[in-house]
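Structure data (compact mmCIF, C-alpha atoms) from work.txt:
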# COMPACT_ATOMS: atom_id res chain seq x y z
CA MET A 27 21.97 -19.84 43.84
CA VAL A 28 23.37 -22.49 41.51
CA ALA A 29 19.91 -22.97 40.03
CA VAL A 30 19.62 -19.22 39.36
CA ARG A 31 22.96 -19.11 37.61
CA THR A 32 22.02 -22.15 35.55
CA ALA A 33 18.77 -20.49 34.52
CA THR A 34 20.62 -17.30 33.62
CA PHE A 35 23.13 -19.24 31.55
CA SER A 36 20.25 -20.99 29.77
CA LEU A 37 18.70 -17.64 28.94
CA VAL A 38 21.95 -16.42 27.42
CA VAL A 39 22.34 -19.60 25.37
CA ALA A 40 18.74 -19.33 24.15
CA ALA A 41 19.32 -15.73 23.06
CA LEU A 42 22.47 -16.67 21.17
CA ILE A 43 20.70 -19.58 19.46
CA ALA A 44 17.83 -17.30 18.42
CA PHE A 45 20.30 -14.82 16.98
CA ALA A 46 22.16 -17.52 15.05
CA ALA A 47 18.90 -18.94 13.71
CA ALA A 48 17.77 -15.60 12.24
CA PRO A 49 17.31 -16.00 8.48
CA ALA A 50 20.45 -15.31 6.46
CA GLN A 51 18.22 -13.90 3.72
CA ALA A 52 17.22 -10.89 5.80
CA GLN A 53 19.83 -8.64 4.23
CA ASP A 54 18.81 -9.85 0.76
CA ALA A 55 15.19 -8.97 1.52
CA GLU A 56 16.18 -5.47 2.62
CA LYS A 57 18.23 -5.03 -0.57
CA ALA A 58 15.23 -6.24 -2.61
CA ARG A 59 13.02 -3.66 -0.92
CA GLN A 60 15.48 -0.88 -1.76
CA LEU A 61 15.75 -2.01 -5.39
CA PHE A 62 11.97 -2.15 -5.66
CA GLN A 63 11.66 1.45 -4.48
CA GLN A 64 14.45 2.51 -6.82
CA GLY A 65 12.74 0.83 -9.79
CA SER A 66 9.41 2.46 -8.88
CA LYS A 67 11.08 5.87 -8.92
CA TYR A 68 12.56 5.25 -12.37
CA TYR A 69 9.17 4.00 -13.60
CA ASP A 70 7.45 7.17 -12.42
CA LEU A 71 10.10 9.23 -14.25
CA GLY A 72 9.60 7.29 -17.48
CA GLN A 73 13.07 5.74 -17.35
CA PHE A 74 11.81 2.26 -18.08
CA ASP A 75 15.18 0.66 -18.90
CA LYS A 76 16.56 1.66 -15.51
CA ALA A 77 13.36 0.50 -13.81
CA ILE A 78 13.64 -2.91 -15.49
CA GLU A 79 17.29 -3.24 -14.46
CA ALA A 80 16.52 -2.37 -10.83
CA TRP A 81 13.58 -4.79 -10.64
CA GLN A 82 15.60 -7.60 -12.24
CA GLN A 83 18.29 -7.13 -9.60
CA GLY A 84 15.59 -7.10 -6.92
CA TYR A 85 14.20 -10.38 -8.24
CA ASP A 86 17.70 -11.87 -7.93
CA GLN A 87 17.73 -10.85 -4.26
CA LYS A 88 14.21 -12.13 -3.55
CA PRO A 89 12.22 -13.93 -6.29
CA ASP A 90 8.85 -12.35 -5.58
CA PRO A 91 6.32 -12.58 -8.49
CA GLY A 92 5.48 -8.89 -8.09
CA PHE A 93 8.83 -8.01 -9.63
CA LEU A 94 7.86 -9.92 -12.81
CA TYR A 95 4.61 -7.98 -13.08
CA ASN A 96 6.44 -4.67 -12.73
CA ILE A 97 8.99 -5.64 -15.39
CA ALA A 98 6.13 -6.57 -17.73
CA GLN A 99 4.52 -3.18 -17.09
CA ALA A 100 7.77 -1.43 -18.03
CA TYR A 101 8.16 -3.42 -21.26
CA ARG A 102 4.54 -2.65 -22.08
CA GLN A 103 5.28 1.05 -21.74
CA LYS A 104 8.35 0.56 -23.96
CA GLN A 105 6.01 -0.98 -26.59
CA ASP A 106 7.91 -4.26 -26.50
CA ALA A 107 4.87 -6.53 -26.64
CA ALA A 108 6.78 -9.84 -26.87
CA LYS A 109 8.80 -9.27 -23.70
CA ALA A 110 5.80 -7.84 -21.89
CA ILE A 111 3.83 -11.02 -22.65
CA PHE A 112 6.76 -13.15 -21.48
CA PHE A 113 6.94 -11.45 -18.07
CA TYR A 114 3.15 -11.27 -17.63
CA LYS A 115 2.99 -15.04 -18.15
CA GLY A 116 5.90 -15.51 -15.73
CA TYR A 117 4.01 -13.48 -13.14
CA LEU A 118 0.88 -15.63 -13.51
CA ARG A 119 2.92 -18.83 -13.46
CA ASN A 120 4.57 -17.88 -10.17
CA SER A 121 1.42 -16.35 -8.70
CA PRO A 122 -1.48 -18.58 -9.81
CA LYS A 123 -3.88 -17.01 -7.29
CA ALA A 124 -3.07 -13.41 -8.22
CA HIS A 125 -5.91 -11.02 -7.43
CA ASN A 126 -5.44 -9.26 -10.78
CA ARG A 127 -5.27 -12.41 -12.91
CA ALA A 128 -8.24 -11.42 -15.11
CA GLU A 129 -6.69 -8.03 -15.79
CA VAL A 130 -3.34 -9.59 -16.71
CA ASP A 131 -5.03 -12.10 -19.04
CA GLN A 132 -6.72 -9.18 -20.85
CA LYS A 133 -3.38 -7.42 -21.24
CA ILE A 134 -1.78 -10.56 -22.66
CA ALA A 135 -4.64 -10.98 -25.15
CA ALA A 136 -4.42 -7.34 -26.27
CA LEU A 137 -0.64 -7.52 -26.68
CA GLN A 138 -0.88 -10.79 -28.60
CA LYS A 139 -3.43 -9.18 -30.94
CA GLN A 140 -0.95 -6.38 -31.61
CA LEU A 141 1.78 -8.87 -32.41
CA ASP A 142 -0.51 -10.74 -34.81
CA ALA A 143 -1.59 -7.53 -36.55
CA ALA A 144 2.00 -6.35 -36.95
CA ALA A 145 3.19 -9.69 -38.38
CA PRO A 146 3.71 -9.74 -42.23
CA PRO A 147 1.10 -11.70 -44.25
CA PRO A 148 2.08 -15.27 -45.12
CA ASN A 149 3.72 -15.81 -48.53
CA THR A 150 1.62 -18.34 -50.53
CA GLY A 151 4.01 -18.47 -53.52
CA ALA A 152 1.23 -17.81 -56.12
CA SER A 153 1.97 -15.39 -58.94
CA PRO A 154 -0.41 -12.47 -59.38
CA PRO A 155 -2.82 -12.91 -62.30
CA ASN A 156 -1.86 -11.28 -65.56
CA ASN A 157 -4.87 -9.26 -66.63
CA ALA A 158 -3.22 -7.87 -69.73
CA ALA A 159 -4.44 -9.85 -72.77
CA ALA A 160 -2.05 -10.45 -75.64
CA PRO A 161 -3.05 -8.74 -78.86
CA PRO A 162 -4.47 -11.07 -81.49
CA ASN A 163 -2.04 -12.30 -84.08
CA ASN A 164 -3.94 -10.90 -87.07
CA THR A 165 -4.53 -7.61 -88.79
CA THR A 166 -8.22 -8.01 -89.28
CA SER A 167 -9.98 -4.78 -88.54
CA PRO A 168 -13.06 -4.81 -86.42
CA PRO A 169 -16.25 -4.92 -88.37
CA ASN A 170 -17.66 -1.60 -89.36
CA ASN A 171 -20.88 -2.21 -87.46
CA THR A 172 -19.09 -2.38 -84.07
CA SER A 173 -20.43 0.33 -81.79
CA THR A 174 -18.04 2.53 -79.87
CA VAL A 175 -18.43 2.75 -76.09
CA THR A 176 -17.51 6.04 -74.50
CA ALA A 177 -16.20 5.93 -70.89
CA THR A 178 -18.15 7.99 -68.45
CA ASN A 179 -15.05 8.62 -66.28
CA PRO A 180 -11.85 8.42 -68.29
CA THR A 181 -9.69 8.85 -65.19
CA GLU A 182 -11.15 5.84 -63.30
CA PRO A 183 -8.69 2.91 -63.20
CA PRO A 184 -9.71 -0.41 -64.61
CA PRO A 185 -11.42 -2.74 -62.18
CA GLY A 186 -9.10 -4.99 -60.14
CA PRO A 187 -8.79 -6.76 -56.78
CA THR A 188 -10.07 -4.70 -53.83
CA VAL A 189 -7.49 -3.88 -51.15
CA VAL A 190 -8.80 -3.26 -47.64
CA VAL A 191 -6.43 -1.34 -45.35
CA ALA A 192 -6.85 -2.49 -41.71
CA PRO A 193 -6.70 0.20 -39.04
CA PRO A 194 -3.47 0.21 -37.06
CA PRO A 195 -3.50 -1.64 -33.74
CA PRO A 196 -4.19 0.52 -30.71
CA GLY A 197 -1.06 2.14 -29.33
CA PHE A 198 0.15 1.59 -25.77
CA GLU A 199 -0.87 5.09 -24.89
CA GLU A 200 -4.49 4.21 -25.78
CA MET A 201 -4.59 1.25 -23.44
CA PRO A 202 -5.50 1.72 -19.78
CA THR A 203 -2.45 1.82 -17.56
CA THR A 204 -2.12 0.06 -14.26
CA ALA A 205 0.20 1.16 -11.50
CA VAL A 206 3.07 -1.14 -10.68
CA VAL A 207 2.52 -3.64 -7.91
CA GLN A 208 3.46 -2.09 -4.59
CA THR A 209 3.72 -5.40 -2.72
CA ALA A 210 6.63 -6.95 -4.56
CA PRO A 211 9.22 -6.77 -1.78
CA PRO A 212 8.48 -8.21 1.62
CA ALA A 213 6.36 -5.85 3.63
CA THR A 214 8.25 -4.37 6.53
CA ALA A 215 6.57 -4.58 9.92
CA VAL A 216 8.94 -2.13 11.64
CA SER A 217 7.82 1.41 12.39
CA ASP A 218 10.18 4.29 11.66
CA GLY A 219 9.50 5.65 15.13
CA ARG A 220 12.37 5.62 17.61
CA ILE A 221 10.58 6.27 20.92
CA ASP A 222 8.75 3.37 22.54
CA PHE A 223 6.74 2.69 25.70
CA THR A 224 6.24 -0.74 27.29
CA ALA A 225 3.98 -2.19 29.93
CA ALA A 226 4.08 -5.76 31.25
CA ILE A 227 2.78 -7.90 34.07
CA GLY A 228 3.52 -11.43 35.27
CA PRO A 229 4.55 -13.66 38.15
CA ALA A 230 7.74 -13.34 40.19
CA PHE A 231 9.40 -16.35 41.81
CA TRP A 232 11.66 -15.57 44.79
CA SER A 233 14.74 -17.78 44.83
CA SER A 234 16.70 -16.21 47.70
CA GLY A 235 16.59 -13.44 50.29
CA VAL A 236 13.83 -14.76 52.55
CA ASN A 237 14.35 -16.67 55.78
CA GLY A 238 11.86 -19.39 54.98
CA THR A 239 9.53 -19.89 52.04
CA ALA A 240 8.20 -17.15 49.77
CA LYS A 241 5.09 -17.47 47.67
CA PRO A 242 5.14 -16.16 44.09
CA SER A 243 3.93 -12.61 43.63
CA PHE A 244 3.09 -10.38 40.69
CA VAL A 245 5.29 -7.78 38.99
CA LEU A 246 4.19 -4.63 37.18
CA LEU A 247 6.77 -3.16 34.82
CA LEU A 248 6.64 0.15 32.92
CA GLY A 249 9.37 1.30 30.57
CA GLY A 250 10.39 3.61 27.77
CA GLY A 251 13.36 4.05 25.48
CA TYR A 252 14.94 5.51 22.38
CA SER A 253 16.34 3.29 19.59
CA PHE A 254 19.38 4.03 17.45
CA GLY A 255 20.01 2.71 13.94
CA ALA A 256 17.93 2.05 10.82
CA PRO A 257 14.52 0.43 11.44
CA MET A 258 15.38 -2.70 9.43
CA SER A 259 18.89 -3.18 10.80
CA ARG A 260 19.73 -6.65 12.09
CA LEU A 261 20.92 -5.14 15.38
CA ARG A 262 19.72 -1.92 17.01
CA PHE A 263 20.88 -0.33 20.27
CA ARG A 264 18.23 1.01 22.62
CA MET A 265 18.69 3.16 25.70
CA GLY A 266 15.77 3.09 28.09
CA GLY A 267 14.53 3.16 31.65
CA LEU A 268 12.35 0.89 33.77
CA PHE A 269 9.97 1.31 36.67
CA GLY A 270 9.06 -1.91 38.47
CA TYR A 271 6.78 -2.77 41.34
CA THR A 272 6.24 -6.01 43.21
CA PHE A 273 5.50 -7.14 46.76
CA LEU A 274 6.24 -9.97 49.14
CA ALA A 275 4.54 -11.15 52.35
CA ALA A 276 7.84 -11.11 54.26
CA ASN A 277 6.86 -9.81 57.70
CA ASP A 278 5.97 -11.94 60.69
CA ASP A 279 2.36 -10.80 60.48
CA ASN A 280 2.30 -11.69 56.76
CA SER A 281 2.01 -8.05 55.78
CA ASN A 282 3.57 -7.07 52.46
CA VAL A 283 6.93 -5.50 51.80
CA SER A 284 6.86 -3.39 48.60
CA PHE A 285 9.74 -3.43 46.12
CA ILE A 286 10.11 -0.42 43.81
CA SER A 287 12.78 -0.50 41.09
CA LEU A 288 14.19 2.47 39.15
CA LEU A 289 16.63 1.24 36.51
CA LEU A 290 18.59 2.37 33.49
CA ASP A 291 18.01 -0.26 30.84
CA PRO A 292 20.39 -0.39 27.82
CA ALA A 293 19.27 -3.09 25.39
CA LEU A 294 20.15 -4.78 22.11
CA ASP A 295 17.24 -5.42 19.71
CA ILE A 296 17.70 -8.31 17.27
CA ARG A 297 15.61 -8.70 14.10
CA LEU A 298 14.67 -12.38 13.82
CA SER A 299 12.63 -12.39 10.58
CA PRO A 300 13.14 -10.67 7.18
CA SER A 301 10.13 -8.40 7.68
CA GLY A 302 11.11 -7.57 11.26
CA ARG A 303 7.81 -8.90 12.59
CA TRP A 304 9.63 -11.28 14.97
CA TYR A 305 12.36 -9.76 17.12
CA GLY A 306 14.39 -10.46 20.23
CA THR A 307 15.77 -8.25 22.97
CA VAL A 308 18.64 -8.67 25.42
CA ASP A 309 18.96 -5.99 28.10
CA LEU A 310 20.76 -5.32 31.37
CA GLY A 311 19.07 -3.02 33.88
CA LEU A 312 21.12 -1.21 36.53
CA GLY A 313 19.79 0.96 39.30
CA LEU A 314 18.12 1.21 42.67
CA GLN A 315 15.61 -1.08 44.39
CA MET A 316 13.76 0.45 47.35
CA LEU A 317 11.97 -1.60 50.00
CA THR A 318 9.11 -0.12 51.98
CA GLY A 319 7.01 -1.72 54.71
CA VAL A 320 9.83 -3.75 56.30
CA LYS A 321 8.88 -4.36 59.92
CA GLU A 322 10.76 -5.52 62.99
CA GLY A 323 11.46 -9.23 62.74
CA SER A 324 10.91 -9.35 58.96
CA LYS A 325 11.96 -12.53 57.16
CA LEU A 326 14.18 -10.33 54.97
CA LEU A 327 16.40 -9.37 57.92
CA ALA A 328 19.16 -11.42 59.46
CA VAL A 329 18.20 -13.56 62.44
CA ASN A 330 20.40 -11.59 64.82
CA GLU A 331 18.78 -8.36 63.55
CA GLY A 332 15.30 -9.29 64.67
CA SER A 333 15.08 -6.26 66.95
CA LEU A 334 16.07 -3.84 64.19
CA LYS A 335 13.42 -1.21 63.61
CA PRO A 336 13.69 -0.01 60.00
CA ASP A 337 12.85 3.62 59.50
CA GLY A 338 11.57 4.65 56.06
CA ALA A 339 12.61 3.01 52.78
CA LEU A 340 15.63 0.74 52.49
CA GLY A 341 17.69 1.06 49.31
CA LEU A 342 19.55 -1.72 47.51
CA PHE A 343 21.53 -1.75 44.28
CA GLU A 344 19.78 -3.92 41.68
CA THR A 345 20.88 -5.62 38.48
CA ARG A 346 18.32 -7.11 36.11
CA PHE A 347 19.28 -9.34 33.18
CA CYS A 348 16.47 -10.02 30.71
CA VAL A 349 15.82 -11.73 27.37
CA ALA A 350 12.57 -11.28 25.43
CA VAL A 351 10.91 -12.40 22.23
CA GLY A 352 8.32 -10.16 20.57
CA TYR A 353 5.90 -10.14 17.65
CA ARG A 354 4.92 -6.88 15.91
CA TRP A 355 1.19 -7.20 15.45
CA LEU A 356 1.19 -3.74 13.85
CA PRO A 357 4.21 -1.62 12.89
CA ASN A 358 3.60 0.52 16.00
CA LEU A 359 2.28 -2.18 18.35
CA ALA A 360 4.05 -5.35 19.52
CA LEU A 361 3.36 -8.20 21.90
CA PHE A 362 6.25 -9.69 23.86
CA SER A 363 7.18 -12.15 26.57
CA SER A 364 10.30 -11.82 28.71
CA LEU A 365 12.23 -13.79 31.30
CA ALA A 366 14.38 -11.81 33.72
CA ASN A 367 16.65 -12.41 36.68
CA SER A 368 16.64 -9.59 39.25
CA ASN A 369 19.33 -9.55 41.92
CA SER A 370 20.37 -7.33 44.83
CA ASN A 371 23.50 -8.40 46.69
CA GLN A 372 23.32 -9.02 50.41
CA LYS A 373 23.45 -5.87 52.44
CA GLN A 374 24.19 -5.38 56.11
CA HIS A 375 21.33 -6.45 58.37
CA PHE A 376 19.71 -8.51 55.59
CA TYR A 377 19.30 -12.27 55.62
CA ALA A 378 20.73 -12.90 52.12
CA ALA A 379 20.94 -11.52 48.62
CA ILE A 380 17.45 -10.87 47.22
CA THR A 381 16.92 -12.68 43.94
CA ARG A 382 13.77 -13.33 41.92
CA ILE A 383 12.85 -14.63 38.46
CA GLU A 384 10.24 -12.60 36.56
CA TRP A 385 8.17 -14.02 33.70
CA LEU A 386 6.31 -11.17 32.06
CA PHE A 387 3.85 -10.60 29.21
CA GLY A 388 3.33 -7.16 27.80
CA LEU A 389 2.76 -4.62 25.04
CA ALA A 390 5.15 -2.20 23.37
CA TYR A 391 4.01 0.90 21.52
CA ARG A 392 6.34 2.87 19.25
CA LEU A 393 5.96 6.54 18.30
Just give me the structure of the file as structure tokens.
Amino acid sequence: MVAVRTATFSLVVAALIAFAAAPAQAQDAEKARQLFQQGSKYYDLGQFDKAIEAWQQGYDQKPDPGFLYNIAQAYRQKQDAAKAIFFYKGYLRNSPKAHNRAEVDQKIAALQKQLDAAAPPPNTGASPPNNAAAPPNNTTSPPNNTSTVTATNPTEPPPGPTVVVAPPPPGFEEMPTTAVVQTAPPATAVSDGRIDFTAAIGPAFWSSGVNGTAKPSFVLLLGGGYSFGAPMSRLRFRMGGLFGYTFLAANDDNSNVSFISLLLDPALDIRLSPSGRWYGTVDLGLGLQMLTGVKEGSKLLAVNEGSLKPDGALGLFETRFCVAVGYRWLPNLALFSSLANSNSNQKQHFYAAITRIEWLFGLAYRL
């Protein structure tokens, strides 16, 4: 019994350590996700200044390169080429293996060309040539034999330097647009569904309740529940129920006694990673454990009750304390492993309190 209590205490300590070790940045990541969505809404509405402000605040919460790309997109739509280039380059610097690197390089080149075209021409300091010739300082008339040339187009200006007007640089509206990056904040691995179903199987180790030795057996566990609270909350309360089945060769003829558990199972879910992919659960099941197949002289009965002839199922109150760690493979599907201590206090005619340790592996599906 001391060993069981020690194991239970160790489970509690392990759960508390896991909770304390959860990243402190989880709340910042959730805030970054909210700011990203807010900025995307402003971007879709054409309110680029508000979108930039939201994404800058999101980058302060979680410095993901995707925020820099989105800010550059907003400045590009605002026709602020210099700032757009700055943030595009920041995005590439912080994300050197970006899948859209070639596209971003093209945008930077096009924006730089616009800046160069809009820049004033350099001032060389040379004075324009004076084409007007000073009149000669004499009064000599032209000779009488000078022929007179008549202009074919009197309105045509005198020849001079040719000025070529360059076409204006392409406007932002003429350039192909690219949607903002939708992967800037950390991807959440938590489904919005609140109803879940679980199934698990594993070995059970009997620590007390049998007059003699008891070999390990297998446990089948089915459960379901409803979760309260936001999907990305650090702590969520879950109310559920459990159905358990196991067996034990506890009769004199080595025939099996079946154990069927029907439990209410309130639980506390703990988010262990910013995305919610890793999580922990602490739960306490309370309910009824029914024993069927108990025969006269069973090892579960007290020595002086060897002649007792059980009739039908025997019911015992059961408590089940459990801690689990899970990994959400998909938002709706998770893998988990749990360690539980199941206990039924000694009842009249029984040898001792029935206690077992269950180590289970299972799946959880969320609707």
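Residues surrounding Ala390 of chain A within 7 Å are A:Asp222, A:Phe223, A:Thr224, A:Ala225, A:Leu359, A:Ala360, A:Leu361 [all atoms listed in the file; sequence separation below 3 positions excluded].
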> Which residues, written as a PyMOL selection string, have at least one atom at most 6 Å from Gly311 of chain A, with all atoms listed in the file counted and residues fewer than 5 positions away on the same chain left out?
Replying inline: chain A and resi 289-291+345-346
Selection from above, C-alpha atoms, as a CSV table (one decimal), in the frame of the given file, can you write it?
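Result went into part07.csv, see below:
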chain,number,residue,atom,x,y,z
A,289,LEU,CA,16.6,1.2,36.5
A,290,LEU,CA,18.6,2.4,33.5
A,291,ASP,CA,18.0,-0.3,30.8
A,345,THR,CA,20.9,-5.6,38.5
A,346,ARG,CA,18.3,-7.1,36.1
> From the list A:Ser243, A:Asn126, A:Ser259, A:Gln103, which residue is nearest Lys57 of chain A when using all atoms listed in the file?
Replying inline: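 Closest residue, counting all atoms listed in the file: A:Ser259.
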>> Taking all atoms listed in the file into account, name the residue in A:Ala256, A:Leu389, A:Ala107, A:Met316 that is nearest to Leu356 of chain A.
In response: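 Ranking A:Ala256, A:Leu389, A:Ala107, A:Met316 by distance to Leu356 of chain A, first place goes to A:Leu389.
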>> Please determine, counting only C-alpha atoms, which residue among A:Leu327, A:Leu294, A:Ala240, A:Ile227 has the shortest atom-to-atom distance to Gly266 of chain A.
In response: A:Leu294
> Between atom CA of Leu61 of chain A and atom CA of Tyr252 of chain A, what is the distance, to one decimal in Å?
Replying inline: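 It comes out at 28.8 Å.
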> Between A:Leu261, A:Leu312, A:Val236, A:Ala275, which one has atoms that come closest to Ala328 of chain A, using all atoms listed in the file?
Replying inline: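 Ranking A:Leu261, A:Leu312, A:Val236, A:Ala275 by distance to Ala328 of chain A, first place goes to A:Val236.
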Take every atom of segment 298-308 of chain A listed in the file, fit an axis-aligned box around them, add 8 Å per side, and give the centre and edge lengths in Å to one decimal as JSON.
{"center_x": 13.2, "center_y": -10.0, "center_z": 16.3, "size_x": 26.8, "size_y": 20.8, "size_z": 34.2}
> Near Ser364 of chain A, counting all atoms listed in the file, which residues have an atom at most 8 Å away, once you skip same-chain residues fewer than 2 positions from it, shown as an MDAnalysis selection string?
Replying inline: chainID A and resid 348:351 362 366 384:387
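The space separating atom CA of Ala136 of chain A from atom CA of Tyr85 of chain A comes to 26.1 Å.
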> Which of these, A:Leu274, A:Ile380, A:Ala77, A:Met265, has the shortest distance to Pro229 of chain A once you count only C-alpha atoms?
Replying inline: A:Leu274
Quick one: residues within 8 Å of Ala58 of chain A, only C-alpha atoms, excluding same-chain residues fewer than 6 positions away - as a compact mmCIF listing (two decimals) with C-alpha atoms, in the coordinates of the input?
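Output file around_6.txt is given in full below:
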# COMPACT_ATOMS: atom_id res chain seq x y z
CA GLN A 83 18.29 -7.13 -9.60
CA GLY A 84 15.59 -7.10 -6.92
CA TYR A 85 14.20 -10.38 -8.24
CA GLN A 87 17.73 -10.85 -4.26
CA LYS A 88 14.21 -12.13 -3.55
CA PRO A 211 9.22 -6.77 -1.78
> Can you tell me how far atom CA of Ser234 of chain A sits from atom CA of Ala276 of chain A, in Å to one decimal?
Replying inline: 12.1 Å
>> Between A:Phe244, A:Tyr271, A:Phe112, A:Phe263, which residue has the minimum interatomic distance to Gln315 of chain A, considering only C-alpha atoms?
In response: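 Nearest candidate to Gln315 of chain A out of A:Phe244, A:Tyr271, A:Phe112, A:Phe263: A:Tyr271.
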